[in-house]
$ cat model02.cif   # mmCIF, C-alpha atoms and all ligand atoms
data_data
#
loop_
_atom_site.label_atom_id
_atom_site.label_comp_id
_atom_site.auth_asym_id
_atom_site.auth_seq_id
_atom_site.Cartn_x
_atom_site.Cartn_y
_atom_site.Cartn_z
CA VAL A 9 35.59 13.19 39.44
CA ALA A 10 33.01 13.04 36.73
CA THR A 11 30.37 10.42 37.17
CA THR A 12 27.97 9.15 34.61
CA THR A 13 24.47 8.39 35.73
CA PRO A 14 23.21 5.19 34.12
CA LYS A 15 20.59 5.82 31.49
CA ARG A 16 17.15 5.38 33.02
CA HIS A 17 14.49 3.24 31.40
CA CYS A 18 10.75 2.88 31.91
CA GLU A 19 10.23 0.28 34.67
CA SER A 20 7.15 -1.21 33.04
CA THR A 21 6.94 -4.05 30.56
CA THR A 22 5.43 -4.27 27.12
CA ASP A 23 2.43 -6.42 26.20
CA ALA A 24 4.92 -9.05 25.11
CA GLY A 25 6.36 -9.09 28.64
CA LYS A 26 9.69 -7.50 27.74
CA PRO A 27 11.16 -4.46 29.54
CA CYS A 28 9.68 -1.32 27.97
CA GLY A 29 13.06 0.31 27.40
CA ALA A 30 11.53 3.66 26.48
CA ASN A 31 12.80 6.91 27.98
CA PRO A 32 10.91 7.62 31.22
CA LEU A 33 9.28 10.99 31.78
CA LYS A 34 11.37 13.66 33.50
CA PRO A 35 10.69 13.51 37.27
CA GLY A 36 8.66 16.50 38.43
CA THR A 37 7.04 17.13 35.06
CA ILE A 38 3.40 18.15 35.55
CA ILE A 39 0.98 16.52 33.12
CA GLU A 40 -2.75 17.27 33.52
CA GLY A 41 -2.11 18.46 37.09
CA ILE A 42 -0.16 15.40 38.11
CA THR A 43 3.51 15.57 39.03
CA VAL A 44 5.12 12.50 37.51
CA THR A 45 7.63 10.34 39.38
CA GLY A 46 9.80 9.62 36.38
CA LYS A 47 9.68 5.85 36.84
CA TRP A 48 7.73 5.21 33.66
CA CYS A 49 7.33 6.41 30.12
CA ARG A 50 4.18 8.30 29.16
CA THR A 51 2.47 5.12 27.96
CA HIS A 52 3.08 3.25 31.19
CA ASP A 53 2.95 5.96 33.87
CA LYS A 54 0.62 4.48 36.53
CA ASP A 55 -0.20 7.86 38.07
CA LEU A 56 -1.47 9.46 34.88
CA PRO A 57 -5.12 9.28 33.76
CA THR A 58 -5.76 7.43 30.49
CA SER A 59 -6.41 10.70 28.71
CA ALA A 60 -2.84 11.82 29.36
CA LYS A 61 -1.20 8.61 28.21
CA LEU A 62 0.08 7.85 24.77
CA ASP A 63 -1.71 4.79 23.50
CA ARG A 64 0.58 3.14 20.99
CA THR A 65 -2.17 0.74 19.96
CA ARG A 66 -4.35 3.49 18.53
CA THR A 67 -4.47 3.54 14.75
CA ARG A 68 -3.37 6.51 12.68
CA GLU A 69 -7.01 7.14 11.80
CA GLN A 70 -8.07 7.34 15.45
CA MET A 71 -5.24 9.75 16.09
CA GLY A 72 -6.59 12.01 13.36
CA GLY A 73 -4.05 10.98 10.78
CA ARG A 74 -4.99 10.23 7.20
CA PRO A 75 -5.83 6.63 6.36
CA PRO A 76 -3.15 4.89 4.32
CA LYS A 77 -3.58 5.45 0.60
CA PRO A 78 -4.69 2.47 -1.44
CA LYS A 79 -1.80 1.27 -3.57
CA LEU A 80 -3.00 1.70 -7.15
CA PRO A 81 -0.72 -0.82 -8.89
CA GLU A 82 -1.83 -3.46 -6.38
CA VAL A 83 -5.53 -2.66 -6.97
CA GLU A 84 -5.00 -2.71 -10.74
CA ARG A 85 -3.14 -6.00 -10.60
CA GLN A 86 -6.00 -7.61 -8.67
CA LEU A 87 -8.60 -6.28 -11.12
CA VAL A 88 -6.65 -7.49 -14.14
CA GLU A 89 -6.14 -10.92 -12.58
CA GLN A 90 -9.85 -11.19 -11.72
CA HIS A 91 -11.00 -10.12 -15.17
CA LEU A 92 -8.21 -11.39 -17.38
CA GLU A 93 -10.56 -12.55 -20.16
CA LYS A 94 -11.97 -9.01 -20.49
CA VAL A 95 -8.50 -7.52 -20.73
CA LEU A 96 -7.40 -10.05 -23.38
CA ARG A 97 -10.64 -10.05 -25.41
CA PRO A 98 -10.06 -6.88 -27.51
CA TYR A 99 -6.70 -8.19 -28.74
CA TRP A 100 -8.00 -11.63 -29.64
CA ARG A 101 -11.21 -10.26 -31.19
CA THR A 102 -9.03 -8.17 -33.48
CA LEU A 103 -7.39 -11.42 -34.58
CA GLY A 104 -10.78 -13.10 -35.06
CA TYR A 105 -11.18 -15.00 -31.80
CA ASP A 106 -13.22 -14.62 -28.64
CA VAL A 107 -11.73 -15.34 -25.23
CA VAL A 108 -13.82 -17.74 -23.19
CA LEU A 109 -13.52 -18.22 -19.45
CA ASP A 110 -14.42 -21.65 -18.11
CA ALA A 111 -16.40 -20.82 -14.97
CA VAL A 112 -15.57 -24.15 -13.32
CA SER A 113 -11.86 -24.52 -13.97
CA GLY A 114 -11.14 -20.80 -14.39
CA SER A 115 -9.08 -21.57 -17.48
CA LEU A 116 -9.14 -19.40 -20.60
CA SER A 117 -9.52 -20.56 -24.18
CA ILE A 118 -10.16 -18.96 -27.57
CA VAL A 119 -12.88 -19.73 -30.11
CA SER A 120 -13.11 -18.52 -33.71
CA LEU A 121 -15.44 -15.59 -34.33
CA GLU A 122 -17.83 -16.25 -37.22
CA GLY A 123 -17.09 -12.90 -38.85
CA GLY A 124 -13.34 -13.21 -38.41
CA GLY A 125 -11.08 -10.44 -37.14
CA ALA A 126 -10.85 -6.69 -37.65
CA LYS A 127 -11.97 -5.39 -41.04
CA LEU A 128 -11.04 -2.34 -43.00
CA TYR A 129 -13.79 0.26 -43.03
CA GLY A 130 -14.66 3.56 -44.60
CA THR A 131 -16.90 6.42 -43.58
CA SER A 132 -19.39 7.97 -46.04
CA LYS A 133 -20.03 11.71 -46.34
CA ASP A 134 -23.04 11.26 -44.04
CA GLY A 135 -20.79 9.73 -41.41
CA GLU A 136 -22.03 6.22 -42.04
CA VAL A 137 -19.46 3.53 -41.33
CA ARG A 138 -19.07 0.93 -44.07
CA VAL A 139 -17.18 -2.21 -43.11
CA SER A 140 -15.40 -3.97 -45.95
CA ALA A 141 -14.79 -7.69 -46.32
CA HIS A 142 -11.03 -7.10 -46.21
CA GLU A 143 -9.11 -7.88 -43.05
CA ASP A 144 -7.38 -4.97 -41.32
CA ILE A 145 -3.96 -6.60 -41.36
CA GLY A 146 -2.35 -3.55 -39.71
CA ALA A 147 -4.67 -3.69 -36.71
CA MET A 148 -4.25 -7.47 -36.51
CA MET A 149 -0.47 -7.20 -36.54
CA GLU A 150 -0.59 -4.60 -33.80
CA ALA A 151 -2.77 -6.85 -31.64
CA ALA A 152 -0.58 -9.86 -32.37
CA GLU A 153 2.56 -7.91 -31.44
CA LYS A 154 0.98 -6.75 -28.16
CA ILE A 155 0.11 -10.32 -27.22
CA ARG A 156 3.54 -11.59 -28.30
CA ASP A 157 5.39 -8.86 -26.37
CA ARG A 158 3.40 -9.74 -23.23
CA VAL A 159 4.56 -13.32 -23.51
CA PHE A 160 8.12 -12.96 -24.81
CA GLY A 161 8.94 -9.37 -23.91
CA ARG A 162 9.72 -6.64 -26.41
CA PRO A 163 12.63 -7.45 -28.71
CA LYS A 164 15.73 -5.36 -27.97
CA GLN A 165 16.42 -2.49 -30.34
CA GLN A 166 19.85 -2.79 -31.93
CA THR A 167 21.55 0.19 -33.47
CA GLU A 168 24.86 -0.12 -35.25
CA VAL A 169 26.97 2.96 -35.60
CA THR A 170 29.78 3.12 -38.11
CA GLY A 171 32.14 5.81 -39.27
CA LEU A 172 32.64 7.11 -42.83
CA GLY A 173 32.39 4.37 -45.44
CA GLY A 174 31.66 1.74 -42.81
CA ALA A 175 34.97 2.38 -41.04
CA ALA A 176 35.40 2.55 -37.29
CA VAL A 177 33.84 5.57 -35.62
CA GLN A 178 36.29 8.45 -35.30
CA VAL A 179 36.19 10.08 -31.91
CA ASP A 180 37.48 13.59 -31.48
CA HIS A 181 39.13 13.63 -28.08
CA GLY A 182 39.55 17.37 -28.23
CA ILE A 183 43.26 17.10 -27.53
CA ASP A 184 45.61 19.49 -29.32
CA LEU A 185 48.48 17.06 -29.94
CA SER A 186 50.87 19.86 -30.92
CA ARG A 187 50.83 21.07 -27.30
CA LEU A 188 51.95 17.73 -25.86
CA THR A 189 55.53 16.82 -25.09
CA ASP A 190 57.13 13.77 -26.72
CA GLU A 191 56.76 11.92 -23.42
CA GLU A 192 53.04 12.80 -23.20
CA LEU A 193 52.51 11.75 -26.81
CA ARG A 194 54.17 8.41 -26.06
CA VAL A 195 51.85 7.86 -23.05
CA LEU A 196 48.78 8.83 -25.09
CA LYS A 197 49.81 6.46 -27.89
CA GLY A 198 50.15 3.68 -25.32
CA ILE A 199 46.68 4.41 -23.90
CA ARG A 200 45.07 4.43 -27.35
CA GLU A 201 46.75 1.15 -28.26
CA ARG A 202 45.63 -0.47 -25.02
CA THR A 203 42.01 0.66 -25.43
CA GLY A 204 41.99 -0.41 -29.09
CA ASP A 205 41.41 3.20 -30.01
CA GLY A 206 44.67 3.78 -31.86
ZN ZN B 1 7.12 2.30 29.13
#
$ encode --input "model02.cif" --output "structure tokens" --more "lines below"
Ligand SMILES: [Zn+2]
Amino acid sequence: VATTTPKRHCESTTDAGKPCGANPLKPGTIIEGITVTGKWCRTHDKDLPTSAKLDRTRTREQMGGRPPKPKLPEVERQLVEQHLEKVLRPYWRTLGYDVVLDAVSGSLSIVSLEGGGAKLYGTSKDGEVRVSAHEDIGAMMEAAEKIRDRVFGRPKQQTEVTGLGGAAVQVDHGIDLSRLTDEELRVLKGIRERTGDG
């Protein structure tokens, strides 16, 4: 008659006072010169010296593992949130405004720049930059679109596809109709009618 021995569990309890439940060591195993009884798991074995036990409370770093990597998006998000006015300033300066942070309330506002927004410029043969009095509308539109897209999201791109002369698109199904039986042709016709593809 086959008998099943009940699965053994570590007889100790966890820090929370619950039964450990871990697999106990194999009785007779010799660890650091000590023959274990098999009543406990390696963390809880009362006969083993501390050096031989597995301390589950040790951190990965103490165990020689690498420290967890800093999560870049999280770091970036915090930096952007902490310095929002600096991130927004280039866009608003292009439009002719400075972004001002109220140190007390933490709220942001914009004030007109005396010189206005981005200006068209040229470079002389000597490499000297000459700023004109004309606004750089292209740069301003780009900045405005970036701000707008942040707030409202980018507008969806819509592409309309039509067939020859604006007719419905013809799709070549790659079926040689001459090889189909009358019955198969009837079924295909039914399918195309049902899918509005006839
Ligand atoms: Zn245990």
$ atom_distance --input "model02.cif" --atom1 "CA of Tyr105 in chain A" --atom2 "CA of Ala141 in chain A"
16.7 Å
$ closest_residue --input "model02.cif" --among "A:Cys18, A:Val139, A:Ile155, A:Val44" --to "ligand ZN 1 (chain B)" --atoms "all atoms listed in the file"
A:Cys18
$ residues_near_ligand --input "model02.cif" --ligand "ligand ZN 1 (chain B)" --cutoff "12 Å" --atoms "only C-alpha atoms and all ligand atoms" --output "compact mmCIF listing (two decimals) with C-alpha atoms, in the frame of the given file"
# COMPACT_ATOMS: atom_id res chain seq x y z
CA ARG A 16 17.15 5.38 33.02
CA HIS A 17 14.49 3.24 31.40
CA CYS A 18 10.75 2.88 31.91
CA GLU A 19 10.23 0.28 34.67
CA SER A 20 7.15 -1.21 33.04
CA THR A 21 6.94 -4.05 30.56
CA THR A 22 5.43 -4.27 27.12
CA ASP A 23 2.43 -6.42 26.20
CA GLY A 25 6.36 -9.09 28.64
CA LYS A 26 9.69 -7.50 27.74
CA PRO A 27 11.16 -4.46 29.54
CA CYS A 28 9.68 -1.32 27.97
CA GLY A 29 13.06 0.31 27.40
CA ALA A 30 11.53 3.66 26.48
CA ASN A 31 12.80 6.91 27.98
CA PRO A 32 10.91 7.62 31.22
CA LEU A 33 9.28 10.99 31.78
CA GLY A 46 9.80 9.62 36.38
CA LYS A 47 9.68 5.85 36.84
CA TRP A 48 7.73 5.21 33.66
CA CYS A 49 7.33 6.41 30.12
CA ARG A 50 4.18 8.30 29.16
CA THR A 51 2.47 5.12 27.96
CA HIS A 52 3.08 3.25 31.19
CA ASP A 53 2.95 5.96 33.87
CA LYS A 54 0.62 4.48 36.53
CA LYS A 61 -1.20 8.61 28.21
CA LEU A 62 0.08 7.85 24.77
CA ASP A 63 -1.71 4.79 23.50
CA ARG A 64 0.58 3.14 20.99
$ axis_aligned_box --input "model02.cif" --around "range 16-21 of chain A" --padding-each-side "5 Å" --output "lines of an AutoDock Vina configuration file"
center_x = 12.0
center_y = 0.7
center_z = 32.6
size_x = 20.2
size_y = 19.4
size_z = 14.1
$ atom_distance --input "model02.cif" --atom1 "CA of Ser140 in chain A" --atom2 "CA of Ser117 in chain A"
28.0 Å
$ atom_distance --input "model02.cif" --atom1 "CA of Glu82 in chain A" --atom2 "CA of Ala111 in chain A"
24.2 Å
$ residues_around --input "model02.cif" --residues "Tyr99 in chain A" --least-positions-apart "6" --cutoff "10 Å" --atoms "all atoms listed in the file" --output "PyMOL selection string"
chain A and resi 105-107+125-126+147-148+150-155
$ closest_residue --input "model02.cif" --among "A:Leu103, A:Leu96, A:Leu56, A:Ile38" --to "Met149 in chain A" --atoms "only C-alpha atoms"
A:Leu103
$ closest_residue --input "model02.cif" --among "A:Lys79, A:Arg187, A:Leu116, A:Thr58" --to "Glu93 in chain A" --atoms "all atoms listed in the file"
A:Leu116
$ closest_residue --input "model02.cif" --among "A:Ala24, A:Leu87, A:Leu128, A:Ile42" --to "Glu143 in chain A" --atoms "all atoms listed in the file"
A:Leu128
$ decode --input "model02.cif" --residues "range 87-98 of chain A" --atoms "N, CA, C and O atoms" --output "tab-separated table (two decimals), in the first residue's frame"
chain	number	residue	atom	x	y	z
A	87	LEU	N	11.62	66.53	-11.82
A	87	LEU	CA	12.38	67.73	-12.19
A	87	LEU	C	11.51	68.72	-12.96
A	87	LEU	O	11.55	69.92	-12.69
A	88	VAL	N	10.73	68.19	-13.89
A	88	VAL	CA	9.87	69.06	-14.70
A	88	VAL	C	8.84	69.74	-13.81
A	88	VAL	O	8.58	70.94	-13.92
A	89	GLU	N	8.25	68.95	-12.88
A	89	GLU	CA	7.24	69.52	-11.99
A	89	GLU	C	7.83	70.60	-11.08
A	89	GLU	O	7.19	71.60	-10.79
A	90	GLN	N	9.08	70.37	-10.64
A	90	GLN	CA	9.72	71.33	-9.73
A	90	GLN	C	10.16	72.60	-10.45
A	90	GLN	O	10.31	73.64	-9.84
A	91	HIS	N	10.43	72.47	-11.75
A	91	HIS	CA	10.96	73.63	-12.49
A	91	HIS	C	10.11	73.92	-13.72
A	91	HIS	O	10.63	74.21	-14.79
A	92	LEU	N	8.81	73.85	-13.55
A	92	LEU	CA	7.90	73.99	-14.67
A	92	LEU	C	8.09	75.31	-15.42
A	92	LEU	O	8.03	75.34	-16.66
A	93	GLU	N	8.33	76.40	-14.67
A	93	GLU	CA	8.46	77.71	-15.33
A	93	GLU	C	9.66	77.73	-16.27
A	93	GLU	O	9.62	78.35	-17.34
A	94	LYS	N	10.74	77.00	-15.92
A	94	LYS	CA	11.92	76.96	-16.78
A	94	LYS	C	11.65	76.17	-18.05
A	94	LYS	O	12.16	76.49	-19.13
A	95	VAL	N	10.84	75.13	-17.91
A	95	VAL	CA	10.52	74.30	-19.07
A	95	VAL	C	9.59	75.05	-20.03
A	95	VAL	O	9.72	74.93	-21.24
A	96	LEU	N	8.68	75.86	-19.46
A	96	LEU	CA	7.71	76.58	-20.30
A	96	LEU	C	8.28	77.86	-20.88
A	96	LEU	O	7.82	78.32	-21.94
A	97	ARG	N	9.28	78.45	-20.22
A	97	ARG	CA	9.78	79.77	-20.60
A	97	ARG	C	10.19	79.90	-22.08
A	97	ARG	O	9.77	80.85	-22.74
A	98	PRO	N	11.00	78.96	-22.62
A	98	PRO	CA	11.42	79.13	-24.02
A	98	PRO	C	10.25	79.27	-25.00
A	98	PRO	O	10.30	80.07	-25.94
